[in-house]
Every structure is written in structure tokens, then in C-alpha cells.
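A quick write-up on the structure given underneath.
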Amino acid sequence: MQVIENLKVKEKLYIEKLENGLTVMIVPKKGIQKKYIIWGTHYGSNESKFIVPGETEVTTVPDGVAHFLEHKMFEQESGVNSLDTLTALGVNANAYTTNDHTAYLFECTDNFYPAMDELMDYVQHPYFTDENVEKEKGIIGQEIMMYDDYPEWRVYLNTLEAMYHNNPVKLDITGTIETISHIDKDILYKCYNTFYNPGNMAMVICGDFDPEKILEEVKKRLIPNKSNGEIKRIYPDEPDTIVKENVVQNMEVSQSLYSIGIKDKVVEQSEKVKRHIAIEILFNEIIGKSSNLYRKLYDEGIVYATPSIDYEFTDKYAHIIISGQSNSPEKVYELFKQEIENIKKNGLNKEDFERLKKKIYGLYVREYDDVADIARMFLADYFKGINSFDYLEEIDAVSYEYATQVFKELFEEKKMVLSIVKK
């Protein structure tokens with residue numbers, strides 16, 4: 001078992017790639033009562049076109065299959081729902097689907113091993129029938145309609161649709177009522193057998209465990225299986241340009257919502273972490289809580305809370321989303337662009353840069369206080385080809401000069417979009 005130690009947070013990561021291809025990561029936390037396990041597959045809503053290992057023909061499936069599969073995995077042939085079983089054990093169980101992975105998890109203080117039995121059983125034993133697939137279409141259809149009425153989701157999705165011409169990141173993770181109508185049990189089994197192969201999966205366990213012992217417990221619960229080999233994922237070409245700069249949708253909201261999107265370039269794997277850190281520092285300096293721009297927006301009553309700032313990326317796309325509420329979203333966007341021009345003329349404030357770099361480092365360190373944060377972080381980063389410890393190690397390499405270079409690359413007005421949801 002490979003051991004990676006990070007002295008900055010005094011944590012150790014134990015990694016083992018099993019014979020069947022499954023990667024198991026263990027982060028022991030001595031003396032912590034909470035235990036957390038998350039089992040994920042590198043399969044999200046972006047994968048609708050692929051070549052199955054051993055085949056030559058391209059398989060195309062409807063949008064929304066990854067999320068549909070996530071819903072269906074809990075249903076067992078016995079008629080029992082595994083989520084009910086886990087809840088009865090007193091554990092906090094859940095599952096989720098993103099653009100690039102699907103994950104099944106639970107957190108508990110007691111009954112870890114009975115819950116682990118259930119988790120590892122249902123993830124390895126899909127049960128799809130014509131009847132239960134049709135029934136699920138109605139349930140997911142209601143979920144899709146609910147999200148369509150959710151202003152925070154609409155303002156976000158509209159931002160992606162304004163930025164991307166072809167990349168599937170712009171599509172709703174759930175699919176549409178039309179696309180899910182084409183899903184059947186054969187499609188689900190094909191996608192399950194392709195993407196839920198152990199070679200395409202990873203598991204992270206965090207808590208007060210002996211790494212060797214918990215690894216043996218995982219092995220005992222695995223059914224015999226072999227790695228299929230590499231799945232060829234097929235994505236459409238995406239131009240550098242945006243689709244349109246502005247999109248406005250009217251909905252029932254008490255205050256307007258805004259989302260500013262900035263389409264970034266995809267960088268080499270070796271630069272991804274470094275660029276991510278630089279972007280976090282930059283945006284805290286531009287529009288974070290201590291920035292001149294935020295103080296102006298707040299003092300003038302244009303906003304009442306700091307916006308959320310997210311950098312989302314894979315090896316096929318990268319973008320920044322700044323979102324929040326405002327009584328004048330257009331003014332937020334106008335002043336944001338003015339602040340960008342001011343920084344272009346005068347340069348980044350070096351003292352602010354160094355202070356915010358320390359703040360970001362502190363936030364990274366704090367993520368190691370919680371077993372759920374640790375496990376979810378290591379899983380999501382793993383599917384991006386990143387070890388989460390890299391953020392702690394590479395922050396020192398993010399210089400003022402490097403951040404200035406990233407700033408110059410990022411802020412072209414033709415790469416920026418504004419999405420608004422208002423009354």
C-alpha cells in the first residue's frame with residue numbers, strides 16, 4: 001500500500017490499486033468518532049457518447065442516464081430499497097451525480113460495517129426491469145420540472161448555455177423529460193457494465209481505521225470482477241468563443257439573481273492545481289469580502305452578501321462562475337468589468353495578493369477537519385487526476401507574477417457572460 005504523508009496538515013493518505021482495478025484511498029483520523037465512506041465511478045452526465053472497451057462501434061445514449069442510474073441503484077430485486085435499509089441502521093446515506101462522476105456514500109458513528117455491507121451490496125448488484133424503469137421516469141420527470149422552477153438552478157444553467165456551444169457541461173445533469181423517455185433497462189445495464197467496472201471506480205474511507213484492516217474489509221465485500229480497460233469517451237469540439245453575452249429569464253423571485261460566467265482555457269494536467277489556486281486568490285481580490293468592489297457594491301445597497309465564486313474544470317472544459325443576489329445585476333456586471341479594467345491599468349495589489357494567499361491556504365487546511373470534506377474532496381480530485389494534498393504543496397509556487405499572467409489570460413470581455421433571473 002502506498003503511503004503519502006503531508007506534514008502541513010499531519011495527515012496520511014493510504015492508496016491501494018486492487019487487482020480488479022479499484023482504487024481504494026484511506027485517510028485515518030485517530031480519535032474521531034465519525035466515519036465516512038464514499039464509492040464513486042468516473043461517470044457523470046457528460047458521458048453520452050463512448051466506445052465500450054473491446055468494442056469498435058460508438059455507443060450513444062440519451063442525456064440523463066448517469067443520474068437515472070444513480071436513482072435506480074438503490075432498488076433491490078427483493079423489493080427492498082437500500083436507502084431505507086441504511087436509514088434504519090441510523091446512518092446518513094446519500095448519492096449524487098455531477099458532470100464527471102457519480103458517488104454513493106454514508107456517514108455514521110455506529111453500525112459502520114452493517115452499513116458497509118449494504119452499500120457494497122447494492123452498488124454491485126443492479127436490478128432493472130421494464131416496469132421499474134418506467135416508474136422511475138415519472139419520478140425523475142417530476143424532479144426535472146422541480147429544477148426548472150428553481151431560480152438558482154436556472155440562473156446557473158443559463159450561464160453554461162451562454163458560454164458553451166457544444167460541450168455537454170451545458171446540459172442539465174438530469175436530462176430532459178424527452179431524453180429520459182428513451183432510457184430502457186438495456187441502456188442502463190450497458191452503461192452500468194461499462195462505467196461501474198472497478199477499473200473506472202474509486203473508494204475513499206475516512207475515520208478512525210487501521211488502513212490494512214479496513215482494506216481487507218473492502219476486499220471481502222467485493223464480488224469477483226476484472227478491469228475492462230480504458231473507456232474511450234467522445235466529446236464534441238468546443239470553440240473558444242461564447243454563445244452570447246447576456247441571458248435574462250423571468251421567474252417568481254423576491255430579488256434578482258445573477259451569475260457571471262468566464263470561459264477559461266483548458267491547461268495541461270501539471271498546471272491545473274496551480275491555476276485553480278491562482279484563480280481563487282484573484283477572485284477573492286477582485287470581488288471577495290475584503291475587496292474594494294464588494295465594499296462599493298455593499299455600501300451602495302446593490303448587494304447584501306458576498307457572491308459565491310466557483311472554478312469548475314475537467315480535461316475538456318474550465319470556467320469560473322460568480323453568483324449571488326442583487327437589486328441591480330447589470331450594475332454588478334458593469335462595476336465588475338470596470339474593476340477588471342482598473343486592475344489591468346494599475347496591476348494587482350501585491351499586499352492583498354499575499355494576504356489572500358494565506359487566507360486560501362488556511363481554508364485548505366480547514367478542509368481536513370471534517371471526514372466528509374476529506375473524503376468527497378479526495379474522490380472528486382482523483383477523477384480529475386489530482387491528489388488533494390497537491391493544493392497544500394503547490395500554493396507556495398503561485399507567485400504574484402504567475403497570478404498576474406493568469407489574470408491577463410482570463411479577462412477578455414468576449415469570454416464573459418451575464419445570466420439574470422428576475423421578476
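Chain lettering (A, B, ...) mirrors the order of the C-alpha cells, residue numbering begins at 1 for each chain separately, and ligand numbering begins at 1 in order of display.
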
Need the shell around A:Lys344: protein/DNA/RNA residues with any atom at most 12 Å away, counting only C-alpha atoms. Skip same-chain ones fewer than 5 positions apart. Format as an MDAnalysis selection string? chainID A and resid 286 337:339 349 404:412

Any chance you can output those residues with N, CA and C atoms as a PDB file, in the first residue's frame?
ATOM      1  N   ILE A 286     -10.583  40.459  -6.368  1.00  0.00           N
ATOM      2  CA  ILE A 286     -11.429  41.289  -7.234  1.00  0.00           C
ATOM      3  C   ILE A 286     -12.798  41.562  -6.609  1.00  0.00           C
ATOM      4  N   LYS A 337     -16.714  44.677 -14.475  1.00  0.00           N
ATOM      5  CA  LYS A 337     -15.871  44.913 -15.663  1.00  0.00           C
ATOM      6  C   LYS A 337     -14.992  46.153 -15.481  1.00  0.00           C
ATOM      7  N   GLN A 338     -15.532  47.167 -14.809  1.00  0.00           N
ATOM      8  CA  GLN A 338     -14.722  48.357 -14.517  1.00  0.00           C
ATOM      9  C   GLN A 338     -13.532  48.018 -13.619  1.00  0.00           C
ATOM     10  N   GLU A 339     -13.794  47.171 -12.615  1.00  0.00           N
ATOM     11  CA  GLU A 339     -12.720  46.772 -11.693  1.00  0.00           C
ATOM     12  C   GLU A 339     -11.633  45.996 -12.436  1.00  0.00           C
ATOM     13  N   ASN A 349      -2.927  44.293  -6.460  1.00  0.00           N
ATOM     14  CA  ASN A 349      -2.333  44.779  -5.212  1.00  0.00           C
ATOM     15  C   ASN A 349      -1.522  43.645  -4.593  1.00  0.00           C
ATOM     16  N   THR A 404      -0.593  37.270 -12.021  1.00  0.00           N
ATOM     17  CA  THR A 404      -0.769  38.364 -12.981  1.00  0.00           C
ATOM     18  C   THR A 404      -0.906  37.811 -14.394  1.00  0.00           C
ATOM     19  N   GLN A 405      -0.116  36.804 -14.706  1.00  0.00           N
ATOM     20  CA  GLN A 405      -0.188  36.158 -16.027  1.00  0.00           C
ATOM     21  C   GLN A 405      -1.561  35.503 -16.227  1.00  0.00           C
ATOM     22  N   VAL A 406      -2.065  34.793 -15.202  1.00  0.00           N
ATOM     23  CA  VAL A 406      -3.384  34.153 -15.285  1.00  0.00           C
ATOM     24  C   VAL A 406      -4.468  35.217 -15.456  1.00  0.00           C
ATOM     25  N   PHE A 407      -4.333  36.316 -14.716  1.00  0.00           N
ATOM     26  CA  PHE A 407      -5.288  37.425 -14.817  1.00  0.00           C
ATOM     27  C   PHE A 407      -5.379  37.933 -16.267  1.00  0.00           C
ATOM     28  N   LYS A 408      -4.233  38.140 -16.881  1.00  0.00           N
ATOM     29  CA  LYS A 408      -4.197  38.657 -18.264  1.00  0.00           C
ATOM     30  C   LYS A 408      -4.845  37.676 -19.237  1.00  0.00           C
ATOM     31  N   GLU A 409      -4.654  36.385 -18.996  1.00  0.00           N
ATOM     32  CA  GLU A 409      -5.222  35.361 -19.886  1.00  0.00           C
ATOM     33  C   GLU A 409      -6.746  35.255 -19.733  1.00  0.00           C
ATOM     34  N   LEU A 410      -7.213  35.434 -18.500  1.00  0.00           N
ATOM     35  CA  LEU A 410      -8.622  35.190 -18.186  1.00  0.00           C
ATOM     36  C   LEU A 410      -9.569  36.262 -18.701  1.00  0.00           C
ATOM     37  N   PHE A 411      -9.183  37.518 -18.501  1.00  0.00           N
ATOM     38  CA  PHE A 411     -10.175  38.577 -18.610  1.00  0.00           C
ATOM     39  C   PHE A 411     -10.224  39.231 -19.980  1.00  0.00           C
ATOM     40  N   GLU A 412     -10.820  38.478 -20.884  1.00  0.00           N
ATOM     41  CA  GLU A 412     -11.198  39.034 -22.169  1.00  0.00           C
ATOM     42  C   GLU A 412     -12.713  39.141 -22.149  1.00  0.00           C
TER      43      GLU A 412
END

Could you give me, as a list in words, the residues within 12 Å of A:Pro239, counting only C-alpha atoms and dropping anything in the same chain fewer than 5 positions from it? Met163, Tyr164, His165, Asn166, Asn167, Lys263, Asp264, Lys265, Val266, Lys316, Tyr317 and Lys415 of chain A

Keeping only N, CA and C atoms, write those residues as a CSV table (one decimal), in the first residue's frame.
chain,number,residue,atom,x,y,z
A,163,MET,N,-22.3,30.2,-22.3
A,163,MET,CA,-20.8,30.0,-22.6
A,163,MET,C,-20.5,28.9,-23.6
A,164,TYR,N,-21.2,27.8,-23.6
A,164,TYR,CA,-20.8,26.7,-24.3
A,164,TYR,C,-21.7,26.4,-25.6
A,165,HIS,N,-21.0,26.2,-26.7
A,165,HIS,CA,-21.7,25.8,-27.9
A,165,HIS,C,-22.1,24.3,-27.9
A,166,ASN,N,-21.2,23.5,-27.7
A,166,ASN,CA,-21.3,22.0,-27.9
A,166,ASN,C,-21.0,21.2,-26.7
A,167,ASN,N,-20.2,21.6,-25.8
A,167,ASN,CA,-19.7,20.7,-24.7
A,167,ASN,C,-20.9,20.3,-23.8
A,263,LYS,N,-15.4,32.0,-19.4
A,263,LYS,CA,-14.9,30.7,-20.1
A,263,LYS,C,-13.4,30.7,-20.0
A,264,ASP,N,-12.8,29.7,-19.4
A,264,ASP,CA,-11.3,29.6,-19.3
A,264,ASP,C,-10.8,28.6,-20.3
A,265,LYS,N,-9.5,28.7,-20.5
A,265,LYS,CA,-8.9,27.6,-21.4
A,265,LYS,C,-8.6,26.4,-20.6
A,266,VAL,N,-8.5,25.3,-21.2
A,266,VAL,CA,-8.1,24.0,-20.6
A,266,VAL,C,-6.5,24.0,-20.6
A,316,LYS,N,-11.7,18.7,-20.3
A,316,LYS,CA,-12.5,19.2,-21.5
A,316,LYS,C,-13.0,20.5,-21.4
A,317,TYR,N,-13.1,21.1,-20.3
A,317,TYR,CA,-13.6,22.5,-20.1
A,317,TYR,C,-13.1,23.1,-18.8
A,415,LYS,N,-15.1,36.5,-23.5
A,415,LYS,CA,-15.2,35.2,-22.9
A,415,LYS,C,-16.2,35.3,-21.7

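With atom CA of A:Asp121 on one side and atom CA of A:Glu75 on the other, the separation reads 11.3 Å.
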
From the list A:Val243, A:Ile183, A:Leu282, A:Val3, the nearest residue to A:Glu134 using only C-alpha atoms is A:Ile183

Name the residues in contact with stretch 37-48 of chain A at a cut-off of 7 Å, using only C-alpha atoms, excluding same-chain residues fewer than 4 positions from it; report them as an mmCIF file with C-alpha atoms, in the first residue's frame.
data_model
loop_
_atom_site.group_PDB
_atom_site.id
_atom_site.type_symbol
_atom_site.label_atom_id
_atom_site.label_comp_id
_atom_site.auth_asym_id
_atom_site.auth_seq_id
_atom_site.Cartn_x
_atom_site.Cartn_y
_atom_site.Cartn_z
ATOM 1 C CA THR A 60 -24.662 6.906 -27.966
ATOM 2 C CA VAL A 61 -27.144 7.087 -25.096
ATOM 3 C CA PRO A 62 -29.762 9.694 -24.129
ATOM 4 C CA ASP A 63 -28.809 12.595 -21.854
ATOM 5 C CA GLY A 64 -29.528 11.906 -18.189
ATOM 6 C CA ALA A 66 -25.874 8.675 -15.279
ATOM 7 C CA HIS A 67 -28.369 10.407 -12.977
ATOM 8 C CA THR A 97 -24.333 12.765 -9.814
ATOM 9 C CA THR A 98 -22.102 15.504 -11.225
ATOM 10 C CA ASN A 99 -20.824 16.266 -14.720
ATOM 11 C CA ASP A 100 -17.897 13.872 -14.306
ATOM 12 C CA HIS A 101 -18.697 11.363 -11.554
ATOM 13 C CA THR A 102 -21.410 9.557 -9.604
ATOM 14 C CA ALA A 103 -20.988 8.697 -5.924
ATOM 15 C CA TYR A 104 -22.676 6.633 -3.193
ATOM 16 C CA LEU A 105 -21.887 7.390 0.427
ATOM 17 C CA PHE A 106 -22.783 7.303 4.079
ATOM 18 C CA GLU A 107 -21.601 8.902 7.307
ATOM 19 C CA PRO A 168 -22.232 18.603 -22.691
ATOM 20 C CA VAL A 169 -21.390 20.512 -19.482
ATOM 21 C CA ILE A 173 -27.428 16.671 -15.295
ATOM 22 C CA PHE A 195 -18.762 2.579 -16.200
ATOM 23 C CA TYR A 196 -19.343 0.710 -12.926
ATOM 24 C CA ASN A 200 -13.281 3.026 -13.513
ATOM 25 C CA MET A 201 -14.115 3.416 -9.813
ATOM 26 C CA ALA A 202 -12.549 4.691 -6.604
ATOM 27 C CA MET A 203 -13.429 4.495 -2.920
ATOM 28 C CA VAL A 204 -12.390 6.829 -0.106
ATOM 29 C CA ILE A 205 -12.732 5.920 3.576
ATOM 30 C CA CYS A 206 -12.069 8.412 6.358
ATOM 31 C CA ARG A 233 -15.039 8.964 -24.164
ATOM 32 C CA ALA A 375 -13.486 12.002 1.508
ATOM 33 C CA PHE A 383 -11.255 11.702 -11.020
#

Have a look at atom CA of A:Ser259 and atom CA of A:Ile322 and let me know their distance in Å, one decimal.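 Between these atoms lies a distance of 5.5 Å.
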
Within 10 Å of A:Val371, counting only C-alpha atoms, which residues show up once you throw out same-chain ones fewer than 6 positions away? Write them as a PyMOL selection string, please. chain A and resi 27-29+32-37+107+205-208+377

Output N, CA and C atoms for every residue in the selection just made, as a PDB file, in the first residue's frame.
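Once everything was written out, this is part.pdb:
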ATOM      1  N   VAL A  27      -7.922   7.645   4.598  1.00  0.00           N
ATOM      2  CA  VAL A  27      -7.330   8.737   5.378  1.00  0.00           C
ATOM      3  C   VAL A  27      -7.709   8.488   6.838  1.00  0.00           C
ATOM      4  N   PRO A  28      -6.798   7.920   7.635  1.00  0.00           N
ATOM      5  CA  PRO A  28      -7.124   7.635   9.039  1.00  0.00           C
ATOM      6  C   PRO A  28      -7.208   8.924   9.860  1.00  0.00           C
ATOM      7  N   LYS A  29      -8.200   8.985  10.756  1.00  0.00           N
ATOM      8  CA  LYS A  29      -8.352  10.122  11.668  1.00  0.00           C
ATOM      9  C   LYS A  29      -8.485   9.568  13.084  1.00  0.00           C
ATOM     10  N   ILE A  32     -11.343  10.227  16.109  1.00  0.00           N
ATOM     11  CA  ILE A  32     -12.556  10.852  15.563  1.00  0.00           C
ATOM     12  C   ILE A  32     -13.691   9.820  15.585  1.00  0.00           C
ATOM     13  N   GLN A  33     -14.855  10.215  16.073  1.00  0.00           N
ATOM     14  CA  GLN A  33     -15.974   9.277  16.148  1.00  0.00           C
ATOM     15  C   GLN A  33     -16.655   9.059  14.801  1.00  0.00           C
ATOM     16  N   LYS A  34     -16.737  10.098  14.009  1.00  0.00           N
ATOM     17  CA  LYS A  34     -17.428   9.991  12.722  1.00  0.00           C
ATOM     18  C   LYS A  34     -16.637   9.148  11.742  1.00  0.00           C
ATOM     19  N   LYS A  35     -17.379   8.391  10.947  1.00  0.00           N
ATOM     20  CA  LYS A  35     -16.772   7.575   9.892  1.00  0.00           C
ATOM     21  C   LYS A  35     -17.492   7.898   8.584  1.00  0.00           C
ATOM     22  N   TYR A  36     -16.735   7.902   7.505  1.00  0.00           N
ATOM     23  CA  TYR A  36     -17.314   8.294   6.204  1.00  0.00           C
ATOM     24  C   TYR A  36     -16.737   7.409   5.122  1.00  0.00           C
ATOM     25  N   ILE A  37     -17.619   6.932   4.253  1.00  0.00           N
ATOM     26  CA  ILE A  37     -17.172   6.148   3.095  1.00  0.00           C
ATOM     27  C   ILE A  37     -17.906   6.658   1.863  1.00  0.00           C
ATOM     28  N   GLU A 107     -22.365   8.402   6.163  1.00  0.00           N
ATOM     29  CA  GLU A 107     -21.601   8.902   7.307  1.00  0.00           C
ATOM     30  C   GLU A 107     -22.268   8.355   8.561  1.00  0.00           C
ATOM     31  N   ILE A 205     -12.241   6.189   2.222  1.00  0.00           N
ATOM     32  CA  ILE A 205     -12.732   5.920   3.576  1.00  0.00           C
ATOM     33  C   ILE A 205     -11.967   6.812   4.539  1.00  0.00           C
ATOM     34  N   CYS A 206     -12.714   7.501   5.412  1.00  0.00           N
ATOM     35  CA  CYS A 206     -12.069   8.412   6.358  1.00  0.00           C
ATOM     36  C   CYS A 206     -12.670   8.205   7.744  1.00  0.00           C
ATOM     37  N   GLY A 207     -11.814   8.081   8.733  1.00  0.00           N
ATOM     38  CA  GLY A 207     -12.263   7.875  10.109  1.00  0.00           C
ATOM     39  C   GLY A 207     -11.172   7.184  10.910  1.00  0.00           C
ATOM     40  N   ASP A 208     -11.541   6.719  12.093  1.00  0.00           N
ATOM     41  CA  ASP A 208     -10.561   6.057  12.971  1.00  0.00           C
ATOM     42  C   ASP A 208     -10.438   4.592  12.566  1.00  0.00           C
ATOM     43  N   MET A 377     -13.587  15.392  -1.196  1.00  0.00           N
ATOM     44  CA  MET A 377     -12.523  16.131  -1.890  1.00  0.00           C
ATOM     45  C   MET A 377     -11.566  15.167  -2.583  1.00  0.00           C
TER      46      MET A 377
END

Taking only stretch 1-232 of chain A into account, list the residues labelled strand (DSSP E or B) by DSSP (computed from the backbone), as a VMD selection string. chain A and resid 2 to 6 11 to 17 23 to 28 35 to 41 49 to 51 59 to 60 75 81 92 to 97 102 to 108 201 to 207 232

Nearest to A:Lys232 among A:Thr194, A:Met416, A:Val248, A:Glu367, with distances taken over only C-alpha atoms: which residue is it?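 Going through A:Thr194, A:Met416, A:Val248, A:Glu367 one by one, the smallest distance to A:Lys232 is for A:Thr194.
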